[in-house]
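Q: One structure, pasted below without further comment.
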Amino acid sequence: MNTKKEMSKYYKFILYLVIVILVNLVGMKIFFRLDLTSNGLYSLSRASKSAVATLREPLTINVFFSKNLPAPYNNIENYLNDMLDEYASHAKNFLSYRFFDVSAKEGDLSDRAEENRQKAQDYGISPVNVQTIEQDEAKVQRAYMGMVFIHGDIIERIPAITSTDGLEYQITSTLQKMNNKISALLNLKEKIRVKLVQSSSLLQIAEEINILGLESLKNQIQSRVNVLNGKVYDQLEFVYIDPTTSTPPVEEIQAYERFGLQWPELKKEDGSIIPAGEAIIALGLEYGGKSIERQLLDKSLQLTSMGLQEEFKLVEMEQIDVFIESNIDNLINIHDEIGYLSSHGTLSLSTSLPPQFQQMQPQTGMLTKFDSLLRENYSVTQIDLKSDEIPETIDTLIIAGAKEQFSDWELFQIDQFLMKGKSLAVFVETFNEIQQNANQQMYGMSQPVFLPINTGLEKLLDHYGVTVKKAYVMDENCFVSQDPTAGEMPLYFAPIIKDENINHKLNFLDNIKILQMLKVSPVEIDREKTDANKLEVTQLFSSSQDSWEMAGQINLMPWMISPPANSQEQKSFPLAYLLEGAMPSYFADKPVPEKPKEEPSEEESQDLEAEQEQPVIEESRVKDNVSVLATGKPGKILIVGSGDILKDNVLDDQGRSPNSVFLLNSMDYLHNKEDIAVMRSKNQRFNPLKDTKAATRMLVKIFNIAGVPVLFLLFGFYVWVRRKAKKRMIQNLFNPKTNRVEA
């Protein structure tokens with residue numbers, strides 16, 4: 001009997017082992033993951049599955065990661081490995097990936113690690129600095145944390161992966177971009193020009209300023225272009241211009257003149273004279289009227305026996321490869337196109353100064369960060385409605401902080417743009433803030449004047465059923481400034497929109513828990529108009545119940561603002577709406593406005609005066625017939641009562657803050673890319689605690705300080721009583737005589 005029992009144990013063990021092996025074999029073919037996070041943080045979004053499922057050619061991903069990285073970087077590799085495994089499971093055998101162990105250049109280095117390091121550098125992956133703590137000392141370690149995508153002849157890279165936040169979004173965006181890039185390259189109407197502008201006069205002073213390699217630069221770049229041509233379907237054309245030996249047209253080198261060098265007459269050590277001169281050495285990419293340029297000399301300060309001196313050197317060939325490959329995307333417009341209204345006093349999208357002079361220009365009011373974040377996935381076209389019409393290629397138009405009057409013709413362009421089923425994003429500024437001059441300032445304080453803005457766009461929006469009030473919303477739930485001298489100062493004109501006031505029914509807002517507004521006006525909806533036109537109206541977010549309006553005379557000096565004495569004057573105000581549906585045209589029952597004629601310049605006026613003596617040519621009787629689309633296709637309008645939320649002081653560079661995610665998600669939603677918006681917003685991990693009353697907070701504190709120890713003591717007393725009872729029970733079992741009652 002004992003022998004049979006022992007054998008049955010072995011049989012059961014073998015059976016369990018076989019079951020485990022079979023389950024693992026099935027799991028290799030049938031992949032699934034149970035993600036219990038509320039926002040699906042550890043599983044792929046629908047957009048990612050769709051992007052990888054569209055692959056029709058093999059895609060290889062090479063991941064270069066250093067081993068034994070400190071926290072929090074040590075978990076990135078495992079997270080990335082799991083994610084790529086799930087990508088591969090949905091790619092129908094078109095995706096493969098491999099991890100390469102790459103150590104930093106310093107320290108012991110095996111032959112395999114050295115080979116992998118060289119391969120990483122060939123792909124443009126460079127080490128980054130990560131901070132480590134060893135024996136209570138902070139040290140900096142060089143580590144590789146990048147990945148390369150190889151799809152046909154196209155190569156893309158993510159040079160540094162320092163966090164898991166937004167990693168899925170980066171990978172999926174890269175996959176989509178590669179698919180779009182292949183299609184765009186194959187359909188180019190002309191070749192992309194790689195232009196080298198190199199003055200041969202620079203050879204005269206090359207030895208004096210220690211520039212090496214000028215003689216072979218042309219051949220090196222040309223050979224690099226030939227190699228890169230194999231990756232971009234032979235769509236590159238090398239062009240060489242020497243301004244010293246030839247006189248090219250002005251338009252050929254005008255964009256490169258800002259990289260010019262000048263030198264005075266120089267005397268060499270052998271006594272010969274180098275005459276004063278000038279030169280240009282720069283590289284550019286040109287296609288379809290667009291160009292991107294960069295200088296080919298790196299300048300740095302070096303400590304010599306003569307002190308600090310400026311030294312020049314040619315950029316590395318690897319940097320030239322990266323410059324060409326990374327900027328092809330911007331030239332051929334592989335991204336979707338978004339229009340930005342640059343006229344009518346709107347907020348400036350980016351500075352027009354060269355990079356070396358941008359620090360000299362105040363950045364207040366600039367939308368540099370918004371512009372940069374937008375261009376990661378869209379081609380941004382700036383539109384001047386005073387001279388241009390809205391191109392047909394534009395599907396979404398942004399109007400941010402317009403201050404100047406719109407003519408009826410310009411309003412007609414916007415109206416008909418919507419009638420075509422396209423989208424409009426309007427960030428309204430209701431007041432024009434005018435700073436006082438020095439003579440008007442008193443006691444060292446400058447109090448600006450706020451004048452109401454009327455652009456004519458209001459009547460267009462009102463026709464659709466939207467009105468932005470000429471007022472600012474003040475909110476007790478606001479940003480609090482920490483001043484070393486004045487202490488805490490609540491800025492009531494900077495409301496904080498909390499989780500309960502954000503509409504999470506919209507998927508792209510689902511994981512956004514907080515927003516920061518600035519100088520925002522209430523937005524009102526005329527329900528009769530929207531209902532009559534069967535428009536779907538969705539409120540995006542609102543202020544808290546502790547809000548009130550400031551209208552009429554506006555004064556935003558923090559110390560001069562206080563909440564209303566009567567709390568009944570406070571209520572919540574809607575701050576943003578989304579309208580969807582077939583909009584009614586404002587010009588349905590009106591004649592088509594005439595396009596304003598441009599006023600001639602002085603030179604044109606003189607020509608006109610001269611032409612007045614010529615015979616007058618009768619205009620053609622045949623006129624262009626401009627029709628009106630009375631009712632359009634289903635479109636979208638986003639209305640936000642603030643333009644300040646687009647400014648650099650409320651956005652971050654990486655696009656991870658709630659404000660940045662909201663804006664980018666909104667643009668994606670207007671552009672019918674809701675899946676991308678949902679994927680981006682699921683990385684929002686900020687989960688603020690709900691507000692509680694003072695009494696509740698006090699009870700929680702008392703419980704944490706005294707309640708927990710008391711519960712611990714009570715539990716200990718309970719255990720002691722149980723032990724005593726158990727001990728007594730055991731004694732009764734083994735010593736029954738002690739409990740016997742004598743007669």
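Labeling convention for the structure tokens: chains A, B, ... as they appear, residues from 1 per chain, ligands from 1 in order of appearance.
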Please return, as JSON, numbers by chain, all residues of range 62-178 of chain A that DSSP assigns to helix (DSSP H, G or I) on the basis of the backbone.
A: {"A": [73, 74, 75, 76, 77, 78, 79, 80, 81, 82, 83, 84, 85, 86, 87, 88, 89, 111, 112, 113, 114, 115, 116, 117, 118, 119, 120, 121, 122, 167, 168, 169, 170, 171, 172, 173, 174, 175, 176, 177, 178]}
Q: Give one line per residue of range 159-254 of chain A that approaches range 268-292 of chain A to at most 9 Å, naming the two atoms of the closest pair and their distance in Å to one decimal, counting only C-alpha atoms; sort by chain then ascending residue number and deliver it as CSV.
A:
residue,atom,partner,partner_atom,distance
A:Lys189,CA,A:Gly288,CA,9.0
A:Glu190,CA,A:Tyr287,CA,7.8
A:Lys191,CA,A:Tyr287,CA,7.3
A:Ile192,CA,A:Tyr287,CA,5.2
A:Arg193,CA,A:Glu286,CA,5.1
A:Val194,CA,A:Leu285,CA,4.8
A:Lys195,CA,A:Gly284,CA,5.1
A:Leu196,CA,A:Leu283,CA,4.7
A:Val197,CA,A:Ala282,CA,5.4
A:Gln198,CA,A:Ile281,CA,4.4
A:Ser199,CA,A:Ala279,CA,5.2
A:Ser200,CA,A:Ala279,CA,7.7
A:Ser201,CA,A:Ala279,CA,6.2
A:Leu202,CA,A:Ala279,CA,5.8
A:Gln204,CA,A:Ile274,CA,7.0
A:Ile205,CA,A:Ile274,CA,7.5
A:Glu208,CA,A:Lys268,CA,7.8
A:Asp242,CA,A:Ile280,CA,8.6
A:Pro243,CA,A:Ile280,CA,7.8
A:Thr244,CA,A:Ala279,CA,7.7
Q: Step one, run DSSP on the backbone; step two, keep only residues of range 463-704 of chain A assigned to strand (DSSP E); then write them as a PyMOL selection string.
A: chain A and resi 466-468+471-475+478-483+487-497+515-516+523-525+536-542+547-551+574-584+631-640
Q: Find the residue from A:Asn377, A:Ser544, A:Gln568, A:Ser246 that sits nearest to Tyr169 in chain A; use only C-alpha atoms when measuring.
A: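 Under the stated criterion, the closest residue is A:Asn377.
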Q: Write out as a PyMOL selection string which residues come within 8 Å of Met550 in chain A when counting only C-alpha atoms, dropping same-chain ones fewer than 5 positions away.
A: chain A and resi 471-474
Q: Restricted to C-alpha atoms, what would the selected residues look like written as a PDB file, in the first residue's frame?
A:
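Saved to result.pdb:
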ATOM      1  CA  ALA A 471     -15.489  88.725 -18.626  1.00  0.00           C
ATOM      2  CA  TYR A 472     -12.849  86.796 -16.750  1.00  0.00           C
ATOM      3  CA  VAL A 473     -13.611  83.872 -14.442  1.00  0.00           C
ATOM      4  CA  MET A 474     -12.158  84.174 -10.945  1.00  0.00           C
TER       5      MET A 474
END
Q: Counting only C-alpha atoms, what is within 9 Å of Leu214 in chain A, bar same-chain residues fewer than 2 positions away, as a PDB file with C-alpha atoms, in the first residue's frame?
A:
ATOM      1  CA  SER A 200      36.961  77.872 -51.605  1.00  0.00           C
ATOM      2  CA  LEU A 202      38.101  79.413 -46.708  1.00  0.00           C
ATOM      3  CA  LEU A 203      41.074  77.236 -47.665  1.00  0.00           C
ATOM      4  CA  ALA A 206      42.046  76.826 -42.815  1.00  0.00           C
ATOM      5  CA  ILE A 211      40.269  73.413 -39.718  1.00  0.00           C
ATOM      6  CA  LEU A 212      41.088  69.978 -41.097  1.00  0.00           C
ATOM      7  CA  SER A 216      37.808  66.352 -49.007  1.00  0.00           C
ATOM      8  CA  LEU A 217      34.534  67.691 -47.567  1.00  0.00           C
ATOM      9  CA  LYS A 218      32.717  67.836 -50.909  1.00  0.00           C
ATOM     10  CA  LEU A 314      34.097  70.551 -39.060  1.00  0.00           C
TER      11      LEU A 314
END
Q: Just give me the gap between CA of Asn672 in chain A and CA of Ala47 in chain A in Å, one decimal is fine.
A: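 So the two atoms, CA of Asn672 in chain A and CA of Ala47 in chain A, lie 12.3 Å apart.
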Q: Return the single residue from A:Lys470, A:Arg56, A:Lys422, A:Lys724 that is closest to Ile338 in chain A, with distances computed using only C-alpha atoms.
A: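 Distance minimum relative to Ile338 in chain A lands on A:Lys422.
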Q: Write out as a PDB file with N, CA and C atoms, in the first residue's frame which residues come within 7 Å of Asn503 in chain A when counting only C-alpha atoms, dropping same-chain ones fewer than 6 positions away.
A:
ATOM      1  N   LEU A 509     -10.268  62.710 -22.817  1.00  0.00           N
ATOM      2  CA  LEU A 509     -10.137  63.425 -21.549  1.00  0.00           C
ATOM      3  C   LEU A 509     -10.186  62.480 -20.350  1.00  0.00           C
ATOM      4  N   GLN A 539     -19.805  69.795 -23.145  1.00  0.00           N
ATOM      5  CA  GLN A 539     -18.992  70.654 -22.281  1.00  0.00           C
ATOM      6  C   GLN A 539     -17.735  69.894 -21.884  1.00  0.00           C
ATOM      7  N   LEU A 540     -16.567  70.503 -22.107  1.00  0.00           N
ATOM      8  CA  LEU A 540     -15.309  69.818 -21.818  1.00  0.00           C
ATOM      9  C   LEU A 540     -14.902  69.962 -20.355  1.00  0.00           C
ATOM     10  N   PHE A 541     -14.941  71.178 -19.846  1.00  0.00           N
ATOM     11  CA  PHE A 541     -14.602  71.393 -18.436  1.00  0.00           C
ATOM     12  C   PHE A 541     -15.177  72.722 -17.980  1.00  0.00           C
TER      13      PHE A 541
END
Q: Go through A:Ile705, A:Met419, A:Val537, A:Leu556 and flag the residue nearest Glu433 in chain A, using only C-alpha atoms for the distances.
A: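 The shortest atom-to-atom distance to Glu433 in chain A comes from A:Leu556.
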Q: How far is it from CA of Ser542 in chain A to CA of Asn477 in chain A, in Å with one decimal?
A: 11.8 Å
Q: What is the CA of Gly166 in chain A to CA of Val650 in chain A distance in Å?
A: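 Distance between the two atoms: 19.6 Å.
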Q: Could you tell me which of A:Lys693, A:Lys519, A:Lys682, A:Lys636 comes closest to Ala425 in chain A if we count only C-alpha atoms?
A: A:Lys636
Q: Taking only C-alpha atoms into account, name the residue in A:Thr631, A:Gln222, A:Asn180, A:Ser48 that is nearest to Asp589 in chain A.
A: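 For Asp589 in chain A, the nearest of the candidates is A:Thr631.
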